[in-house]
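Text of input24.cif, listed as mmCIF, C-alpha atoms:
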```cif
data_start
loop_
_atom_site.group_PDB
_atom_site.id
_atom_site.type_symbol
_atom_site.label_atom_id
_atom_site.label_comp_id
_atom_site.auth_asym_id
_atom_site.auth_seq_id
_atom_site.Cartn_x
_atom_site.Cartn_y
_atom_site.Cartn_z
ATOM 1 C CA MET Z 1 -65.498 88.401 -25.674
ATOM 2 C CA SER Z 2 -62.593 90.609 -26.648
ATOM 3 C CA GLU Z 3 -61.177 90.294 -30.120
ATOM 4 C CA GLN Z 4 -57.585 89.241 -30.629
ATOM 5 C CA THR Z 5 -55.134 91.826 -31.882
ATOM 6 C CA PRO Z 6 -53.089 90.940 -34.988
ATOM 7 C CA HIS Z 7 -50.034 90.584 -32.740
ATOM 8 C CA GLU Z 8 -51.803 88.100 -30.432
ATOM 9 C CA ASP Z 9 -53.059 86.088 -33.379
ATOM 10 C CA THR Z 10 -49.558 85.924 -34.894
ATOM 11 C CA ALA Z 11 -48.077 84.815 -31.568
ATOM 12 C CA ARG Z 12 -50.613 81.981 -31.272
ATOM 13 C CA ARG Z 13 -49.750 80.763 -34.765
ATOM 14 C CA ARG Z 14 -45.980 80.700 -34.322
ATOM 15 C CA ARG Z 15 -44.511 77.331 -35.171
ATOM 16 C CA VAL Z 16 -42.485 75.775 -32.354
ATOM 17 C CA VAL Z 17 -40.019 73.069 -33.325
ATOM 18 C CA VAL Z 18 -38.366 70.968 -30.609
ATOM 19 C CA VAL Z 19 -35.220 69.072 -31.579
ATOM 20 C CA GLY Z 20 -34.918 66.087 -29.282
ATOM 21 C CA ALA Z 21 -37.587 63.564 -28.282
ATOM 22 C CA GLY Z 22 -36.296 62.745 -24.811
ATOM 23 C CA MET Z 23 -37.628 63.918 -21.455
ATOM 24 C CA ALA Z 24 -36.778 67.590 -21.990
ATOM 25 C CA GLY Z 25 -38.230 67.747 -25.481
ATOM 26 C CA VAL Z 26 -41.428 65.916 -24.616
ATOM 27 C CA GLN Z 27 -42.026 67.955 -21.465
ATOM 28 C CA THR Z 28 -41.505 71.149 -23.454
ATOM 29 C CA ALA Z 29 -44.242 70.149 -25.906
ATOM 30 C CA VAL Z 30 -46.599 69.058 -23.110
ATOM 31 C CA ALA Z 31 -46.012 72.250 -21.127
ATOM 32 C CA LEU Z 32 -46.757 74.428 -24.158
ATOM 33 C CA ARG Z 33 -50.158 72.803 -24.503
ATOM 34 C CA GLU Z 34 -50.833 72.901 -20.770
ATOM 35 C CA GLN Z 35 -50.133 76.629 -20.796
ATOM 36 C CA GLY Z 36 -52.586 77.227 -23.624
ATOM 37 C CA PHE Z 37 -50.308 77.566 -26.618
ATOM 38 C CA LYS Z 38 -52.405 76.823 -29.725
ATOM 39 C CA GLY Z 39 -49.825 77.105 -32.474
ATOM 40 C CA PRO Z 40 -48.216 74.169 -34.284
ATOM 41 C CA VAL Z 41 -45.697 72.154 -32.264
ATOM 42 C CA THR Z 42 -43.334 69.641 -33.854
ATOM 43 C CA VAL Z 43 -40.984 67.311 -31.968
ATOM 44 C CA ILE Z 44 -38.111 65.864 -34.007
ATOM 45 C CA GLY Z 45 -36.265 62.756 -32.817
ATOM 46 C CA ALA Z 46 -33.332 60.990 -34.449
ATOM 47 C CA GLU Z 47 -34.439 57.573 -33.181
ATOM 48 C CA PRO Z 48 -37.356 55.728 -34.805
ATOM 49 C CA HIS Z 49 -38.863 54.687 -31.467
ATOM 50 C CA GLN Z 50 -41.798 56.335 -29.729
ATOM 51 C CA PRO Z 51 -40.326 58.909 -27.303
ATOM 52 C CA TYR Z 52 -39.143 57.148 -24.159
ATOM 53 C CA ASP Z 53 -37.551 57.738 -20.768
ATOM 54 C CA ARG Z 54 -33.869 56.798 -20.515
ATOM 55 C CA PRO Z 55 -33.258 55.856 -16.830
ATOM 56 C CA PRO Z 56 -35.007 52.440 -17.130
ATOM 57 C CA LEU Z 57 -32.579 51.490 -19.910
ATOM 58 C CA SER Z 58 -29.784 50.783 -17.435
ATOM 59 C CA LYS Z 59 -31.873 48.457 -15.269
ATOM 60 C CA ALA Z 60 -35.378 47.208 -16.170
ATOM 61 C CA VAL Z 61 -35.012 47.305 -19.961
ATOM 62 C CA LEU Z 62 -31.471 45.972 -19.795
ATOM 63 C CA LEU Z 63 -32.514 42.997 -17.663
ATOM 64 C CA GLY Z 64 -35.593 42.293 -19.765
ATOM 65 C CA THR Z 65 -38.117 43.024 -17.013
ATOM 66 C CA ALA Z 66 -39.516 45.810 -19.219
ATOM 67 C CA GLU Z 67 -39.640 45.951 -22.998
ATOM 68 C CA GLY Z 68 -39.580 49.716 -23.159
ATOM 69 C CA SER Z 69 -40.165 52.954 -21.319
ATOM 70 C CA ALA Z 70 -42.292 55.026 -23.685
ATOM 71 C CA PHE Z 71 -43.767 58.198 -22.218
ATOM 72 C CA ASP Z 72 -47.471 58.002 -21.427
ATOM 73 C CA VAL Z 73 -48.313 60.952 -23.646
ATOM 74 C CA ASP Z 74 -51.037 61.079 -26.300
ATOM 75 C CA PHE Z 75 -49.277 63.312 -28.810
ATOM 76 C CA GLU Z 76 -52.155 63.118 -31.297
ATOM 77 C CA SER Z 77 -54.708 64.442 -28.826
ATOM 78 C CA LEU Z 78 -52.293 67.217 -27.848
ATOM 79 C CA GLY Z 79 -51.921 68.190 -31.471
ATOM 80 C CA VAL Z 80 -48.167 67.627 -31.350
ATOM 81 C CA GLU Z 81 -46.545 66.384 -34.542
ATOM 82 C CA LEU Z 82 -43.844 63.743 -34.089
ATOM 83 C CA ARG Z 83 -41.121 63.340 -36.686
ATOM 84 C CA LEU Z 84 -39.190 60.271 -35.592
ATOM 85 C CA GLY Z 85 -36.200 58.643 -37.238
ATOM 86 C CA CYS Z 86 -35.315 62.103 -38.533
ATOM 87 C CA GLU Z 87 -31.797 63.381 -37.944
ATOM 88 C CA VAL Z 88 -31.232 67.136 -37.862
ATOM 89 C CA ARG Z 89 -28.063 67.948 -39.770
ATOM 90 C CA ALA Z 90 -27.803 71.721 -39.716
ATOM 91 C CA LEU Z 91 -29.354 74.873 -38.297
ATOM 92 C CA ARG Z 92 -29.667 78.039 -40.374
ATOM 93 C CA PRO Z 93 -30.835 80.687 -37.887
ATOM 94 C CA ALA Z 94 -30.685 83.553 -40.386
ATOM 95 C CA VAL Z 95 -33.647 82.061 -42.255
ATOM 96 C CA ARG Z 96 -35.095 80.057 -39.309
ATOM 97 C CA GLU Z 97 -34.775 76.677 -40.948
ATOM 98 C CA LEU Z 98 -33.473 73.254 -40.009
ATOM 99 C CA ASP Z 99 -31.870 70.920 -42.508
ATOM 100 C CA THR Z 100 -32.894 67.324 -41.815
ATOM 101 C CA GLU Z 101 -32.317 64.082 -43.659
ATOM 102 C CA HIS Z 102 -35.938 64.320 -44.831
ATOM 103 C CA GLY Z 103 -35.845 67.920 -45.978
ATOM 104 C CA VAL Z 104 -36.084 71.469 -44.664
ATOM 105 C CA VAL Z 105 -38.151 72.255 -41.559
ATOM 106 C CA PRO Z 106 -39.025 75.920 -40.939
ATOM 107 C CA TYR Z 107 -39.610 77.274 -37.442
ATOM 108 C CA ASP Z 108 -40.512 80.452 -35.621
ATOM 109 C CA VAL Z 109 -39.312 79.281 -32.216
ATOM 110 C CA LEU Z 110 -36.673 76.578 -31.850
ATOM 111 C CA VAL Z 111 -35.972 74.484 -28.731
ATOM 112 C CA LEU Z 112 -32.773 72.426 -28.668
ATOM 113 C CA ALA Z 113 -33.257 69.488 -26.300
ATOM 114 C CA THR Z 114 -30.834 66.975 -27.783
ATOM 115 C CA GLY Z 115 -29.295 65.784 -24.507
ATOM 116 C CA ALA Z 116 -25.717 64.613 -24.137
ATOM 117 C CA GLU Z 117 -23.608 62.115 -26.027
ATOM 118 C CA PRO Z 118 -21.556 59.526 -24.107
ATOM 119 C CA VAL Z 119 -17.846 60.221 -23.797
ATOM 120 C CA THR Z 120 -15.981 57.661 -25.871
ATOM 121 C CA LEU Z 121 -12.464 56.293 -25.494
ATOM 122 C CA PRO Z 122 -9.923 56.690 -28.310
ATOM 123 C CA GLY Z 123 -9.624 53.709 -30.597
ATOM 124 C CA VAL Z 124 -12.749 51.805 -29.531
ATOM 125 C CA GLU Z 125 -15.024 52.579 -32.466
ATOM 126 C CA GLY Z 126 -16.070 49.347 -34.129
ATOM 127 C CA VAL Z 127 -14.135 47.181 -31.684
ATOM 128 C CA PRO Z 128 -16.063 43.982 -30.798
ATOM 129 C CA GLY Z 129 -17.122 43.768 -27.172
ATOM 130 C CA VAL Z 130 -17.116 47.532 -26.590
ATOM 131 C CA HIS Z 131 -20.557 49.038 -26.015
ATOM 132 C CA LEU Z 132 -22.189 52.372 -25.235
ATOM 133 C CA LEU Z 133 -25.405 52.676 -23.249
ATOM 134 C CA ARG Z 134 -27.590 55.616 -24.186
ATOM 135 C CA THR Z 135 -30.429 54.392 -26.390
ATOM 136 C CA LEU Z 136 -33.081 51.696 -26.448
ATOM 137 C CA ASP Z 137 -31.150 49.935 -29.206
ATOM 138 C CA ASP Z 138 -27.979 50.030 -27.075
ATOM 139 C CA ALA Z 139 -29.822 48.307 -24.226
ATOM 140 C CA ALA Z 140 -31.163 45.664 -26.622
ATOM 141 C CA ARG Z 141 -27.622 44.915 -27.835
ATOM 142 C CA LEU Z 142 -26.368 44.579 -24.256
ATOM 143 C CA ARG Z 143 -29.085 42.163 -23.085
ATOM 144 C CA PRO Z 144 -27.437 39.043 -24.569
ATOM 145 C CA VAL Z 145 -24.061 40.141 -23.182
ATOM 146 C CA LEU Z 146 -25.467 40.019 -19.659
ATOM 147 C CA ALA Z 147 -27.396 36.829 -20.390
ATOM 148 C CA ARG Z 148 -24.116 35.092 -21.293
ATOM 149 C CA GLN Z 149 -22.653 36.299 -17.963
ATOM 150 C CA HIS Z 150 -19.566 37.805 -19.522
ATOM 151 C CA ASP Z 151 -16.912 39.508 -17.443
ATOM 152 C CA VAL Z 152 -17.774 43.203 -17.682
ATOM 153 C CA VAL Z 153 -15.686 46.353 -17.253
ATOM 154 C CA VAL Z 154 -17.679 49.546 -16.762
ATOM 155 C CA VAL Z 155 -15.878 52.806 -17.514
ATOM 156 C CA GLY Z 156 -17.367 55.522 -15.319
ATOM 157 C CA ALA Z 157 -18.776 55.425 -11.800
ATOM 158 C CA GLY Z 158 -21.582 57.900 -12.393
ATOM 159 C CA TRP Z 159 -25.306 57.231 -12.155
ATOM 160 C CA ILE Z 160 -25.493 55.195 -15.356
ATOM 161 C CA GLY Z 161 -22.352 53.220 -14.472
ATOM 162 C CA ALA Z 162 -23.801 52.371 -11.054
ATOM 163 C CA GLU Z 163 -27.130 51.273 -12.521
ATOM 164 C CA PHE Z 164 -25.454 49.162 -15.171
ATOM 165 C CA ALA Z 165 -23.103 47.586 -12.616
ATOM 166 C CA THR Z 166 -26.128 46.648 -10.484
ATOM 167 C CA ALA Z 167 -27.906 45.093 -13.458
ATOM 168 C CA ALA Z 168 -24.804 43.185 -14.535
ATOM 169 C CA ARG Z 169 -24.307 41.772 -11.046
ATOM 170 C CA GLU Z 170 -27.969 40.724 -10.904
ATOM 171 C CA ALA Z 171 -27.416 38.923 -14.198
ATOM 172 C CA GLY Z 172 -24.472 37.021 -12.704
ATOM 173 C CA CYS Z 173 -21.624 38.881 -14.406
ATOM 174 C CA ALA Z 174 -18.276 39.613 -12.796
ATOM 175 C CA VAL Z 175 -18.075 43.422 -12.834
ATOM 176 C CA THR Z 176 -15.172 45.844 -12.536
ATOM 177 C CA VAL Z 177 -15.849 49.586 -12.468
ATOM 178 C CA VAL Z 178 -13.060 51.933 -13.580
ATOM 179 C CA GLU Z 179 -13.300 55.614 -12.609
ATOM 180 C CA ALA Z 180 -10.793 58.405 -13.248
ATOM 181 C CA ALA Z 181 -11.785 60.305 -10.119
ATOM 182 C CA GLY Z 182 -11.015 59.135 -6.600
ATOM 183 C CA ARG Z 183 -14.618 58.286 -5.770
ATOM 184 C CA PRO Z 184 -17.974 57.528 -7.412
ATOM 185 C CA LEU Z 185 -20.142 60.414 -8.639
ATOM 186 C CA ALA Z 186 -17.298 62.866 -8.120
ATOM 187 C CA GLY Z 187 -18.694 65.253 -10.697
ATOM 188 C CA ALA Z 188 -22.251 65.127 -9.397
ATOM 189 C CA GLN Z 189 -22.255 64.989 -5.593
ATOM 190 C CA PRO Z 190 -20.042 66.066 -2.653
ATOM 191 C CA ALA Z 191 -17.836 63.487 -0.953
ATOM 192 C CA GLU Z 192 -19.991 63.174 2.177
ATOM 193 C CA VAL Z 193 -22.963 62.178 0.014
ATOM 194 C CA THR Z 194 -21.113 59.651 -2.123
ATOM 195 C CA ALA Z 195 -19.082 58.011 0.658
ATOM 196 C CA PRO Z 196 -21.655 55.231 1.271
ATOM 197 C CA ILE Z 197 -21.685 54.370 -2.437
ATOM 198 C CA THR Z 198 -18.107 53.097 -2.315
ATOM 199 C CA GLY Z 199 -19.195 50.604 0.324
ATOM 200 C CA TRP Z 200 -22.125 49.576 -1.842
ATOM 201 C CA TYR Z 201 -19.790 48.600 -4.654
ATOM 202 C CA ALA Z 202 -17.858 46.369 -2.268
ATOM 203 C CA ASP Z 203 -20.999 44.807 -0.811
ATOM 204 C CA ALA Z 204 -22.319 44.111 -4.313
ATOM 205 C CA GLY Z 205 -19.121 42.319 -5.266
ATOM 206 C CA VAL Z 206 -18.180 44.932 -7.859
#
```
Take the structure I supplied and represent it as structure tokens, if you would.
Amino acid sequence: MSEQTPHEDTARRRRVVVVGAGMAGVQTAVALREQGFKGPVTVIGAEPHQPYDRPPLSKAVLLGTAEGSAFDVDFESLGVELRLGCEVRALRPAVRELDTEHGVVPYDVLVLATGAEPVTLPGVEGVPGVHLLRTLDDAARLRPVLARQHDVVVVGAGWIGAEFATAAREAGCAVTVVEAAGRPLAGAQPAEVTAPITGWYADAGV
């Protein structure tokens, strides 16, 4: 067996910190282990929940047919440290440190996998009846809205808007979808691909 050089040993001991406990962050940690990385790996998530997949939020979780969508990953056996409910507030690359609400976290290699924030409309913050859908807690807050069969306006005809509109119709809500572009999924797919989706909205009574 060949001995490790000091450089190889240092590389194996580098501390990898992943900011973001969604799909990208979790898969990064899993892939590091699958590829033989032995150094410390920490995944930091702002939410207190076990890392979960987001697509089910706009359908199964929203309708109550699933309580959650946690990833089937045994982080303990992988030797991956989870720091959940921990918001990262600042990055100081000159000294390779993160400032979090629970203190300083040093790193050798940093992966930013924080995802995207929903686009909000001016003047809606704190307004009753206006909701975002991005997190597990958001879906939990929206469940009773659908259960009461409120009239619903969805702003945005992207993937999440389409999924939510489907769930709301299944729950018996009257649904109107408002989209700035001239067709659904304008920013994601070409017109020939999205053309049938417009018909789907009509057939679904949206």
Write out as a VMD selection string the residues lying within 8 Å of Val153 in chain Z, counting only C-alpha atoms and excluding same-chain residues fewer than 5 positions away. chain Z and resid 175 to 178
Any idea what's packed within 12 Å of Gly199 in chain Z, counting all atoms listed in the file, ignoring anything in its chain fewer than 5 positions away? Could you give it as a PyMOL selection string? chain Z and resi 183-184+194+204-206
Any idea what's packed within 9 Å of range 100-110 of chain Z, counting only C-alpha atoms, ignoring anything in its chain fewer than 4 positions away? Could you give it as a PyMOL selection string? chain Z and resi 14-19+86-90+95-96
For range 31-36 of chain Z, find every residue with an atom within 9 Å (counting all atoms listed in the file), except residues of its own chain fewer than 4 positions away, and show them as a list in words.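 Once the nearby chain positions are removed, what remains is Val26, Gln27, Val41, Leu78, Gly79 and Val80 of chain Z.
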Could you work out how far CA of Val119 in chain Z lies from CA of Ala202 in chain Z, giving the answer in Å with one decimal?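 These atoms are spaced 25.6 Å apart.
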Rounded to one decimal place, report the CA of Ala60 in chain Z-CA of Ala167 in chain Z distance in Å.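 Calculated distance between CA of Ala60 in chain Z and CA of Ala167 in chain Z is 8.2 Å.
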What box, with edges along x, y and z, holds each listed atom of range 162-166 of chain Z when 5 Å is added on every side, and can you state its centre and edge lengths in Å to one decimal, as lines of an AutoDock Vina configuration file?
```
center_x = -25.1
center_y = 49.5
center_z = -12.8
size_x = 14.0
size_y = 15.7
size_z = 14.7
```
Residue among Z:Gly115, Z:Ile44, Z:Arg134, Z:Val124 lying closest to Asp99 in chain Z, counting only C-alpha atoms: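 Of Z:Gly115, Z:Ile44, Z:Arg134, Z:Val124, the one nearest Asp99 in chain Z, counting only C-alpha atoms, is Z:Ile44.
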Tell me, in Å to one decimal, how far CA of Ala140 in chain Z is from CA of Gly64 in chain Z.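 Atom-to-atom, CA of Ala140 in chain Z and CA of Gly64 in chain Z are spaced 8.8 Å apart.
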Can you list, as an MDAnalysis selection string, the residues that the PyMOL selection byres ((chain Z and resi 160) around 10) selects here? chainID Z and resid 54:55 57:59 133:134 154 156:159 161:166
List the neighbours of Ala147 in chain Z out to 7 Å using only C-alpha atoms; skip same-chain residues closer than 3 positions along the sequence, and give me the result as a PyMOL selection string. chain Z and resi 143-144+171
Top pick for closest residue to Glu81 in chain Z, considering Z:Gly172, Z:Gly182, Z:Gly39, Z:Gly187 and counting only C-alpha atoms: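 Checking each of Z:Gly172, Z:Gly182, Z:Gly39, Z:Gly187 against Glu81 in chain Z, counting only C-alpha atoms, the winner is Z:Gly39.
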Between Z:Ala29, Z:Val155, Z:Val193, Z:Val130, which is the closest to Ala181 in chain Z once you count all atoms listed in the file?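 Result for the nearest residue to Ala181 in chain Z: Z:Val155.
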Could you check which of Z:His131, Z:Val61, Z:Leu84, Z:Gln149 is closest to Glu170 in chain Z, using all atoms listed in the file? Z:Gln149
Considering all atoms listed in the file, state which residue in the set Z:Pro56, Z:Val152, Z:Ala139, Z:Ala70 is at the smallest distance from Ala168 in chain Z.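 Going through Z:Pro56, Z:Val152, Z:Ala139, Z:Ala70 one by one, the smallest distance to Ala168 in chain Z is for Z:Val152.
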